[in-house]
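File shown: model08.cif (mmCIF, C-alpha atoms (C1' of nucleotides)).
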data_start
loop_
_atom_site.label_atom_id
_atom_site.label_comp_id
_atom_site.auth_asym_id
_atom_site.auth_seq_id
_atom_site.Cartn_x
_atom_site.Cartn_y
_atom_site.Cartn_z
CA MET A 1 103.14 91.10 115.94
CA PRO A 2 103.19 88.61 118.82
CA ARG A 3 102.83 85.17 117.27
CA GLY A 4 106.24 83.82 116.43
CA GLU A 5 104.54 80.79 114.88
CA GLY A 6 104.93 80.12 111.18
CA LYS A 7 105.22 83.78 110.39
CA PHE A 8 106.74 84.88 107.11
CA LEU A 9 107.59 88.49 106.22
CA ILE A 10 106.29 91.65 107.82
CA LYS A 11 102.87 92.77 106.63
CA GLN A 12 102.25 95.82 104.53
CA ARG A 13 99.94 97.19 107.21
CA ALA A 14 102.68 97.29 109.87
CA PHE A 15 105.09 98.77 107.37
CA LEU A 16 102.72 101.61 106.59
CA LYS A 17 101.77 102.22 110.20
CA LEU A 18 105.42 102.82 110.84
CA TYR A 19 105.56 105.49 108.17
CA MET A 20 102.36 107.06 109.43
CA ILE A 21 103.93 107.45 112.85
CA ARG A 22 106.95 109.01 111.28
CA PHE A 23 104.83 111.49 109.35
CA VAL A 24 102.99 112.50 112.47
CA GLU A 25 106.31 112.99 114.24
CA GLU A 26 107.23 115.38 111.48
CA HIS A 27 103.90 117.20 111.69
CA LYS A 28 103.40 117.01 107.98
CA MET A 29 100.40 114.92 107.75
CA TYR A 30 97.20 113.99 106.16
CA GLY A 31 96.27 110.83 104.37
CA MET A 32 96.52 111.64 100.70
CA GLN A 33 99.67 113.63 101.21
CA ALA A 34 101.28 110.70 102.97
CA MET A 35 100.22 108.42 100.17
CA ASP A 36 101.62 110.69 97.48
CA GLU A 37 104.91 111.01 99.29
CA LEU A 38 105.21 107.27 99.71
CA LYS A 39 104.25 106.58 96.14
CA THR A 40 106.87 108.97 94.89
CA SER A 41 109.54 107.69 97.20
CA PHE A 42 108.89 104.01 96.54
CA LYS A 43 107.92 104.06 92.91
CA SER A 44 111.40 103.16 91.78
CA LEU A 45 111.13 100.02 93.92
CA GLY A 46 107.86 99.08 92.29
CA TYR A 47 105.76 99.77 95.35
CA GLU A 48 102.85 102.19 95.30
CA PRO A 49 100.51 101.90 98.27
CA ASN A 50 96.89 102.71 97.58
CA HIS A 51 94.66 105.04 99.52
CA SER A 52 92.69 102.33 101.30
CA GLU A 53 95.72 100.83 102.94
CA ILE A 54 96.85 104.25 104.06
CA TYR A 55 93.54 104.96 105.73
CA ARG A 56 93.36 101.51 107.24
CA SER A 57 96.79 102.05 108.74
CA LEU A 58 95.73 105.34 110.24
CA HIS A 59 92.51 103.90 111.62
CA ASP A 60 94.42 100.98 113.09
CA LEU A 61 96.71 103.35 114.92
CA ILE A 62 93.70 105.09 116.38
CA ASP A 63 92.26 101.76 117.51
CA ASP A 64 95.64 100.95 119.01
CA GLY A 65 95.41 104.11 121.06
CA ILE A 66 98.52 105.51 119.43
CA LEU A 67 97.08 108.30 117.31
CA MET A 68 94.06 110.56 117.58
CA ARG A 69 92.26 112.60 115.02
CA THR A 70 92.59 116.22 115.97
CA LYS A 71 90.68 118.22 113.40
CA LYS A 72 89.24 118.56 110.03
CA VAL A 73 90.61 121.54 108.24
CA GLN A 74 89.19 123.29 105.26
CA GLU A 75 91.55 125.22 103.11
CA GLY A 76 89.83 128.20 101.60
CA ALA A 77 87.91 127.59 98.44
CA LYS A 78 89.64 124.34 97.63
CA TYR A 79 86.68 122.02 98.03
CA LYS A 80 88.43 119.71 100.39
CA GLU A 81 88.50 118.75 104.01
CA ILE A 82 91.49 117.04 105.57
CA VAL A 83 91.96 115.07 108.74
CA VAL A 84 94.92 115.87 110.94
CA TYR A 85 96.45 113.51 113.49
CA GLN A 86 98.34 113.81 116.74
CA PHE A 87 99.74 111.29 119.14
CA ALA A 88 97.31 109.95 121.70
CA ASP A 89 100.12 108.10 123.46
CA TYR A 90 103.64 108.67 122.29
CA GLU A 91 105.08 106.00 124.55
CA LYS A 92 102.88 103.47 122.82
CA ALA A 93 104.09 104.82 119.50
CA LYS A 94 107.70 104.32 120.48
CA LEU A 95 106.96 100.83 121.70
CA TYR A 96 105.23 99.99 118.46
CA LYS A 97 108.17 101.29 116.48
CA LYS A 98 110.46 99.08 118.46
CA GLN A 99 108.33 96.03 117.81
CA VAL A 100 108.18 96.75 114.11
CA LYS A 101 111.92 97.21 113.98
CA THR A 102 112.32 93.70 115.30
CA ASP A 103 110.04 92.42 112.59
CA LEU A 104 111.83 94.39 109.90
CA ASP A 105 115.17 93.00 111.00
CA ARG A 106 113.76 89.51 111.10
CA SER A 107 112.33 89.91 107.61
CA MET A 108 115.64 91.16 106.28
CA SER A 109 117.30 88.09 107.73
CA LEU A 110 114.86 85.80 105.98
CA LEU A 111 115.51 87.40 102.63
CA ARG A 112 119.24 87.56 103.15
CA LYS A 113 119.34 83.91 104.06
CA ALA A 114 117.46 82.95 100.93
CA LEU A 115 119.87 84.93 98.81
CA GLU A 116 122.80 83.22 100.48
CA ASP A 117 121.30 79.75 100.32
CA VAL A 118 120.17 79.80 96.74
CA TYR A 119 122.47 82.07 94.76
CA MET B 120 106.09 88.25 89.16
CA PRO B 121 105.30 90.53 86.24
CA ARG B 122 103.14 93.38 87.56
CA GLY B 123 105.36 96.10 88.86
CA GLU B 124 102.23 97.92 89.99
CA GLY B 125 101.65 98.60 93.65
CA LYS B 126 103.52 95.48 94.64
CA PHE B 127 104.86 95.14 98.16
CA LEU B 128 107.18 92.35 99.32
CA ILE B 129 107.82 89.01 97.67
CA LYS B 130 105.21 86.37 98.36
CA GLN B 131 105.81 83.29 100.44
CA ARG B 132 104.89 81.11 97.47
CA ALA B 133 107.71 82.45 95.29
CA PHE B 134 110.11 82.19 98.18
CA LEU B 135 109.29 78.53 98.69
CA LYS B 136 109.31 77.71 94.99
CA LEU B 137 112.86 78.94 94.95
CA TYR B 138 113.84 76.53 97.70
CA MET B 139 112.01 73.68 96.01
CA ILE B 140 114.08 74.26 92.89
CA ARG B 141 117.20 74.25 94.98
CA PHE B 142 116.24 70.97 96.63
CA VAL B 143 115.62 69.35 93.28
CA GLU B 144 118.98 70.59 92.07
CA GLU B 145 120.49 68.80 95.03
CA HIS B 146 118.49 65.64 94.34
CA LYS B 147 117.41 65.40 97.94
CA MET B 148 113.78 65.80 97.62
CA TYR B 149 110.33 65.02 98.65
CA GLY B 150 107.75 67.26 100.16
CA MET B 151 107.76 66.50 103.85
CA GLN B 152 111.51 66.26 103.92
CA ALA B 153 111.80 69.69 102.34
CA MET B 154 109.37 71.06 104.87
CA ASP B 155 111.24 69.63 107.82
CA GLU B 156 114.52 70.98 106.56
CA LEU B 157 113.07 74.44 106.07
CA LYS B 158 111.36 74.43 109.41
CA THR B 159 114.58 73.54 111.15
CA SER B 160 116.64 76.02 109.25
CA PHE B 161 114.20 78.93 109.66
CA LYS B 162 112.85 78.25 113.11
CA SER B 163 115.25 80.67 114.72
CA LEU B 164 113.84 83.39 112.46
CA GLY B 165 110.30 82.60 113.51
CA TYR B 166 109.30 81.10 110.19
CA GLU B 167 107.94 77.60 109.86
CA PRO B 168 106.24 76.85 106.56
CA ASN B 169 103.37 74.38 106.69
CA HIS B 170 102.87 71.37 104.48
CA SER B 171 100.14 72.91 102.33
CA GLU B 172 102.30 75.74 101.16
CA ILE B 173 105.08 73.31 100.35
CA TYR B 174 102.80 71.20 98.19
CA ARG B 175 101.24 74.22 96.57
CA SER B 176 104.71 75.44 95.64
CA LEU B 177 105.57 72.11 94.11
CA HIS B 178 102.32 71.91 92.19
CA ASP B 179 102.81 75.45 90.94
CA LEU B 180 106.21 74.52 89.59
CA ILE B 181 104.64 71.64 87.73
CA ASP B 182 101.99 73.92 86.27
CA ASP B 183 104.78 76.32 85.29
CA GLY B 184 106.38 73.51 83.32
CA ILE B 185 109.50 73.70 85.47
CA LEU B 186 109.24 70.45 87.42
CA MET B 187 107.74 67.06 86.75
CA ARG B 188 106.76 64.28 89.08
CA THR B 189 108.88 61.30 88.31
CA LYS B 190 107.79 58.55 90.61
CA LYS B 191 106.21 57.39 93.76
CA VAL B 192 108.59 55.31 95.80
CA GLN B 193 107.77 52.97 98.59
CA GLU B 194 110.42 52.29 101.12
CA GLY B 195 109.99 48.82 102.50
CA ALA B 196 107.51 48.34 105.28
CA LYS B 197 107.35 51.96 106.24
CA TYR B 198 103.73 52.69 105.29
CA LYS B 199 104.57 55.63 103.10
CA GLU B 200 104.70 56.68 99.54
CA ILE B 201 106.76 59.62 98.47
CA VAL B 202 106.70 61.72 95.33
CA VAL B 203 109.98 62.51 93.64
CA TYR B 204 110.57 65.40 91.27
CA GLN B 205 112.85 66.19 88.38
CA PHE B 206 113.23 69.18 86.14
CA ALA B 207 110.90 69.31 83.21
CA ASP B 208 112.71 72.35 81.83
CA TYR B 209 115.85 73.46 83.57
CA GLU B 210 116.17 76.59 81.47
CA LYS B 211 112.82 77.69 82.76
CA ALA B 212 113.98 76.94 86.27
CA LYS B 213 117.03 79.13 85.85
CA LEU B 214 114.93 81.89 84.40
CA TYR B 215 112.52 81.67 87.31
CA LYS B 216 115.37 81.84 89.77
CA LYS B 217 116.61 84.95 88.10
CA GLN B 218 113.21 86.58 88.30
CA VAL B 219 112.86 85.73 91.95
CA LYS B 220 116.29 87.09 92.66
CA THR B 221 115.15 90.41 91.30
CA ASP B 222 112.15 90.32 93.57
CA LEU B 223 114.24 89.35 96.59
CA ASP B 224 116.62 92.20 95.96
CA ARG B 225 113.75 94.61 95.51
CA SER B 226 112.17 93.42 98.74
CA MET B 227 115.41 93.84 100.62
CA SER B 228 115.64 97.38 99.33
CA LEU B 229 112.14 98.17 100.57
CA LEU B 230 112.94 96.94 104.05
CA ARG B 231 116.33 98.60 104.11
CA LYS B 232 114.83 101.89 103.07
CA ALA B 233 112.25 101.72 105.84
CA LEU B 234 114.95 101.05 108.40
CA GLU B 235 116.93 104.00 107.14
CA ASP B 236 113.96 106.34 106.90
CA VAL B 237 112.44 105.62 110.27
CA TYR B 238 115.19 104.67 112.68
"C1'" DG C 239 87.28 117.28 91.66
"C1'" DG C 240 90.06 116.16 95.86
"C1'" DA C 241 89.85 113.80 100.54
"C1'" DT C 242 88.03 110.42 103.47
"C1'" DG C 243 85.81 106.30 104.38
"C1'" DA C 244 83.11 102.02 103.78
"C1'" DA C 245 81.71 97.93 101.00
"C1'" DC C 246 82.85 94.57 98.27
"C1'" DA C 247 85.88 91.30 95.78
"C1'" DA C 248 90.08 88.88 94.97
"C1'" DG C 249 94.25 86.74 96.54
"C1'" DG C 250 97.19 84.33 99.55
"C1'" DT C 251 97.90 81.43 103.22
"C1'" DG C 252 96.60 78.58 107.46
"C1'" DT C 253 93.63 74.76 109.21
"C1'" DT C 254 91.15 70.90 108.61
"C1'" DC C 255 89.65 66.91 106.30
"C1'" DA C 256 90.45 62.85 103.02
"C1'" DT C 257 93.00 59.11 101.00
"C1'" DA C 258 96.53 55.82 100.36
"C1'" DT C 259 100.08 53.06 102.08
"C1'" DA D 260 101.39 56.61 111.62
"C1'" DT D 261 103.49 59.20 107.41
"C1'" DA D 262 103.02 61.52 102.97
"C1'" DT D 263 100.28 63.73 99.77
"C1'" DG D 264 96.56 66.31 98.32
"C1'" DA D 265 92.13 68.79 98.33
"C1'" DA D 266 88.52 71.62 100.71
"C1'" DC D 267 87.47 75.07 103.40
"C1'" DA D 268 87.94 79.24 105.96
"C1'" DC D 269 90.21 83.33 107.38
"C1'" DC D 270 92.95 87.30 106.93
"C1'" DT D 271 95.14 90.75 104.17
"C1'" DT D 272 94.92 93.75 100.49
"C1'" DG D 273 93.13 95.83 96.03
"C1'" DT D 274 89.04 97.84 93.61
"C1'" DT D 275 84.95 100.05 93.60
"C1'" DC D 276 81.34 102.80 95.40
"C1'" DA D 277 79.56 106.71 98.56
"C1'" DT D 278 79.81 111.20 100.79
"C1'" DC D 279 81.35 115.71 102.03
"C1'" DC D 280 83.06 120.02 100.80
#
Represent the structure of the file as structure tokens.
Amino acid sequence: MPRGEGKFLIKQRAFLKLYMIRFVEEHKMYGMQAMDELKTSFKSLGYEPNHSEIYRSLHDLIDDGILMRTKKVQEGAKYKEIVVYQFADYEKAKLYKKQVKTDLDRSMSLLRKALEDVY
Amino acid sequence: MPRGEGKFLIKQRAFLKLYMIRFVEEHKMYGMQAMDELKTSFKSLGYEPNHSEIYRSLHDLIDDGILMRTKKVQEGAKYKEIVVYQFADYEKAKLYKKQVKTDLDRSMSLLRKALEDVY
DNA sequence: GGATGAACAAGGTGTTCATAT
DNA sequence: ATATGAACACCTTGTTCATCC
């Protein structure tokens, strides 16, 4: 999020990483579940993130040193394995949240300005 | 702007096309001038559109049947030619503005929701 | 068949190059 | 040197394919 040069709105990736951090904070967390929850909660706004972006966000956060995979869990006879995450560095997580907040605010300002200027 | 499927925030192109329409409405208009004005007015928000996106927006609006190139004007000995635009179909322009407004509002709601959910 | 992940493809935007005055 | 435009390349994101239980 550094570059203040020519930058337009916040990217979907950062937006999702934010929500992933929030889900981990709330201990309810694995990829598909997060996706379903987001799809449900944003459907009315026409936004339905797909599974790839969810996983990319999670993997990014691992590369950032913010999250870590803790375990794969198998739930009985339900033919599925899930990956569970924990914080690798919560301070980094908080810092990232702060940075993204700045970008969210900035993005809001851009949109608000357009609405004021044009309509 | 049709597809309400999986769509995240409004695209830069639509955002700029909106401003191009506004500039034509105000009769002060050619590409570089529009760019300079936008750069100045958005610099404090970290956004500085480049010339390619400006021209692409203009060309798009022509393809949409909303604008038309009217003339190239040469101003004295100043080694430059500029392209001036007029509306080809102002009803279409108004319709487009309305559509983009919807998308701007939707985008604001997405950002606002994230701010509420996470912070 | 439900979850994760990688590969691949398409889209959008930034950078560079070309042309004309 | 300024304005326009096209070409090219990169980055972001969507779609499809692969694997594991």
**Prompt:** Near Glu37 (chain A), counting all atoms listed in the file, which residues have an atom at most 12 Å away, once you skip same-chain residues fewer than 2 positions from it, shown as a PyMOL selection string?
**Reply:** chain A and resi 19-20+23+28-35+39-43+47-51+54
Over all C-alpha pairs taken in sequence order, what does chain B look like after a least-squares fit onto chain A? Please give it as a JSON list (two decimals) with C-alpha atoms, in the frame of the given file.
[["chain", "number", "residue", "atom", "x", "y", "z"],
["B", 120, "MET", "CA", 103.10, 91.22, 115.90],
["B", 121, "PRO", "CA", 103.05, 88.73, 118.76],
["B", 122, "ARG", "CA", 102.74, 85.25, 117.24],
["B", 123, "GLY", "CA", 106.16, 83.96, 116.42],
["B", 124, "GLU", "CA", 104.50, 80.91, 114.90],
["B", 125, "GLY", "CA", 104.89, 80.17, 111.23],
["B", 126, "LYS", "CA", 105.18, 83.84, 110.41],
["B", 127, "PHE", "CA", 106.73, 84.90, 107.12],
["B", 128, "LEU", "CA", 107.59, 88.50, 106.22],
["B", 129, "ILE", "CA", 106.29, 91.68, 107.80],
["B", 130, "LYS", "CA", 102.89, 92.78, 106.60],
["B", 131, "GLN", "CA", 102.27, 95.84, 104.50],
["B", 132, "ARG", "CA", 99.97, 97.21, 107.20],
["B", 133, "ALA", "CA", 102.70, 97.30, 109.85],
["B", 134, "PHE", "CA", 105.11, 98.78, 107.35],
["B", 135, "LEU", "CA", 102.74, 101.62, 106.56],
["B", 136, "LYS", "CA", 101.78, 102.22, 110.18],
["B", 137, "LEU", "CA", 105.44, 102.83, 110.82],
["B", 138, "TYR", "CA", 105.57, 105.51, 108.16],
["B", 139, "MET", "CA", 102.36, 107.08, 109.42],
["B", 140, "ILE", "CA", 103.94, 107.45, 112.84],
["B", 141, "ARG", "CA", 106.96, 109.02, 111.26],
["B", 142, "PHE", "CA", 104.83, 111.50, 109.34],
["B", 143, "VAL", "CA", 103.00, 112.51, 112.48],
["B", 144, "GLU", "CA", 106.31, 112.98, 114.25],
["B", 145, "GLU", "CA", 107.22, 115.37, 111.48],
["B", 146, "HIS", "CA", 103.88, 117.17, 111.72],
["B", 147, "LYS", "CA", 103.39, 117.00, 107.99],
["B", 148, "MET", "CA", 100.39, 114.90, 107.76],
["B", 149, "TYR", "CA", 97.20, 113.98, 106.17],
["B", 150, "GLY", "CA", 96.27, 110.84, 104.38],
["B", 151, "MET", "CA", 96.49, 111.64, 100.71],
["B", 152, "GLN", "CA", 99.64, 113.64, 101.21],
["B", 153, "ALA", "CA", 101.27, 110.71, 102.96],
["B", 154, "MET", "CA", 100.22, 108.44, 100.15],
["B", 155, "ASP", "CA", 101.62, 110.70, 97.47],
["B", 156, "GLU", "CA", 104.90, 111.03, 99.28],
["B", 157, "LEU", "CA", 105.22, 107.28, 99.69],
["B", 158, "LYS", "CA", 104.25, 106.59, 96.12],
["B", 159, "THR", "CA", 106.89, 108.97, 94.87],
["B", 160, "SER", "CA", 109.56, 107.71, 97.17],
["B", 161, "PHE", "CA", 108.89, 104.00, 96.51],
["B", 162, "LYS", "CA", 107.94, 104.08, 92.87],
["B", 163, "SER", "CA", 111.42, 103.16, 91.76],
["B", 164, "LEU", "CA", 111.14, 100.02, 93.89],
["B", 165, "GLY", "CA", 107.87, 99.06, 92.27],
["B", 166, "TYR", "CA", 105.77, 99.78, 95.33],
["B", 167, "GLU", "CA", 102.87, 102.20, 95.29],
["B", 168, "PRO", "CA", 100.53, 101.93, 98.25],
["B", 169, "ASN", "CA", 96.89, 102.73, 97.57],
["B", 170, "HIS", "CA", 94.68, 105.06, 99.54],
["B", 171, "SER", "CA", 92.71, 102.33, 101.31],
["B", 172, "GLU", "CA", 95.75, 100.83, 102.92],
["B", 173, "ILE", "CA", 96.87, 104.26, 104.05],
["B", 174, "TYR", "CA", 93.55, 104.95, 105.73],
["B", 175, "ARG", "CA", 93.39, 101.49, 107.22],
["B", 176, "SER", "CA", 96.82, 102.04, 108.73],
["B", 177, "LEU", "CA", 95.74, 105.32, 110.23],
["B", 178, "HIS", "CA", 92.54, 103.88, 111.61],
["B", 179, "ASP", "CA", 94.45, 100.96, 113.08],
["B", 180, "LEU", "CA", 96.74, 103.35, 114.89],
["B", 181, "ILE", "CA", 93.72, 105.06, 116.36],
["B", 182, "ASP", "CA", 92.28, 101.74, 117.49],
["B", 183, "ASP", "CA", 95.68, 100.93, 119.00],
["B", 184, "GLY", "CA", 95.42, 104.09, 121.06],
["B", 185, "ILE", "CA", 98.55, 105.49, 119.43],
["B", 186, "LEU", "CA", 97.08, 108.29, 117.33],
["B", 187, "MET", "CA", 94.06, 110.53, 117.61],
["B", 188, "ARG", "CA", 92.26, 112.59, 115.04],
["B", 189, "THR", "CA", 92.55, 116.19, 115.99],
["B", 190, "LYS", "CA", 90.66, 118.16, 113.44],
["B", 191, "LYS", "CA", 89.23, 118.54, 110.03],
["B", 192, "VAL", "CA", 90.62, 121.58, 108.30],
["B", 193, "GLN", "CA", 89.24, 123.34, 105.31],
["B", 194, "GLU", "CA", 91.60, 125.29, 103.20],
["B", 195, "GLY", "CA", 89.79, 128.19, 101.62],
["B", 196, "ALA", "CA", 87.86, 127.53, 98.47],
["B", 197, "LYS", "CA", 89.59, 124.30, 97.65],
["B", 198, "TYR", "CA", 86.66, 121.90, 98.06],
["B", 199, "LYS", "CA", 88.44, 119.64, 100.48],
["B", 200, "GLU", "CA", 88.50, 118.65, 104.06],
["B", 201, "ILE", "CA", 91.51, 117.02, 105.57],
["B", 202, "VAL", "CA", 91.97, 115.03, 108.75],
["B", 203, "VAL", "CA", 94.92, 115.84, 110.96],
["B", 204, "TYR", "CA", 96.43, 113.50, 113.51],
["B", 205, "GLN", "CA", 98.33, 113.79, 116.75],
["B", 206, "PHE", "CA", 99.73, 111.26, 119.15],
["B", 207, "ALA", "CA", 97.32, 109.93, 121.69],
["B", 208, "ASP", "CA", 100.11, 108.07, 123.46],
["B", 209, "TYR", "CA", 103.63, 108.66, 122.28],
["B", 210, "GLU", "CA", 105.07, 105.99, 124.54],
["B", 211, "LYS", "CA", 102.90, 103.47, 122.80],
["B", 212, "ALA", "CA", 104.09, 104.81, 119.48],
["B", 213, "LYS", "CA", 107.71, 104.32, 120.46],
["B", 214, "LEU", "CA", 106.98, 100.84, 121.69],
["B", 215, "TYR", "CA", 105.24, 99.99, 118.43],
["B", 216, "LYS", "CA", 108.18, 101.29, 116.45],
["B", 217, "LYS", "CA", 110.47, 99.09, 118.43],
["B", 218, "GLN", "CA", 108.33, 96.05, 117.77],
["B", 219, "VAL", "CA", 108.20, 96.76, 114.08],
["B", 220, "LYS", "CA", 111.92, 97.22, 113.97],
["B", 221, "THR", "CA", 112.31, 93.71, 115.28],
["B", 222, "ASP", "CA", 110.02, 92.44, 112.57],
["B", 223, "LEU", "CA", 111.84, 94.40, 109.87],
["B", 224, "ASP", "CA", 115.16, 93.01, 110.99],
["B", 225, "ARG", "CA", 113.75, 89.51, 111.09],
["B", 226, "SER", "CA", 112.33, 89.92, 107.61],
["B", 227, "MET", "CA", 115.62, 91.16, 106.27],
["B", 228, "SER", "CA", 117.31, 88.11, 107.73],
["B", 229, "LEU", "CA", 114.85, 85.80, 106.00],
["B", 230, "LEU", "CA", 115.50, 87.38, 102.64],
["B", 231, "ARG", "CA", 119.23, 87.54, 103.18],
["B", 232, "LYS", "CA", 119.34, 83.90, 104.11],
["B", 233, "ALA", "CA", 117.46, 82.92, 100.97],
["B", 234, "LEU", "CA", 119.88, 84.89, 98.84],
["B", 235, "GLU", "CA", 122.80, 83.20, 100.51],
["B", 236, "ASP", "CA", 121.30, 79.72, 100.39],
["B", 237, "VAL", "CA", 120.17, 79.74, 96.80],
["B", 238, "TYR", "CA", 122.48, 81.98, 94.81]]
Please, which residues in chain B fall within 8 Å of chain D when counting only C-alpha atoms (C1' of nucleotides), and what is the closest atom pair and distance in Å to one decimal for each, ordered by chain then residue number, as a tab-separated table?
residue	atom	partner	partner_atom	distance
B:Gly150	CA	D:DA262	C1'	8.0
B:Met151	CA	D:DA262	C1'	6.9
B:Tyr174	CA	D:DG264	C1'	7.9
B:Tyr198	CA	D:DT261	C1'	6.9
B:Lys199	CA	D:DT261	C1'	5.7
B:Glu200	CA	D:DA262	C1'	6.2
B:Ile201	CA	D:DA262	C1'	6.2
**Item:** Between CA of Val83 (chain A) and C1' of DG239 (chain C), distance in Å (one decimal)
**Value:** 17.8 Å
**Prompt:** Which chain C residues are at most 9 Å from chain B (counting only C-alpha atoms (C1' of nucleotides)), as a list in words?
**Reply:**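 Close to chain B, chain C has DG250, DT251, DG252, DA258 and DT259 of chain C.
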**Request:** Find the residues in chain B near chain A: any atom within 9 Å counts, using all atoms listed in the file. Write them as a PyMOL selection string.
**Result:** chain B and resi 122-131+134+137-138+141+158+161-162+164-169+216+220+223-231+233-234+236-238
**Prompt:** Looking at B:Tyr204, B:Tyr209, B:His146, B:Leu214, which one is nearest to Leu177 (chain B), with distances taken over all atoms listed in the file?
**Reply:**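 Among the listed residues, B:Tyr204 lies closest to Leu177 (chain B).
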Box dimensions and centre (Å, one decimal) enclosing region 40-50 of chain A, axis-aligned, 4 Å extra per side, as AutoDock Vina command-line options:
--center_x 104.1 --center_y 104.0 --center_z 95.0 --size_x 22.5 --size_y 17.9 --size_z 14.5
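From CA of Tyr96 (chain A) back to CA of Asp60 (chain A), the distance works out to 12.1 Å.
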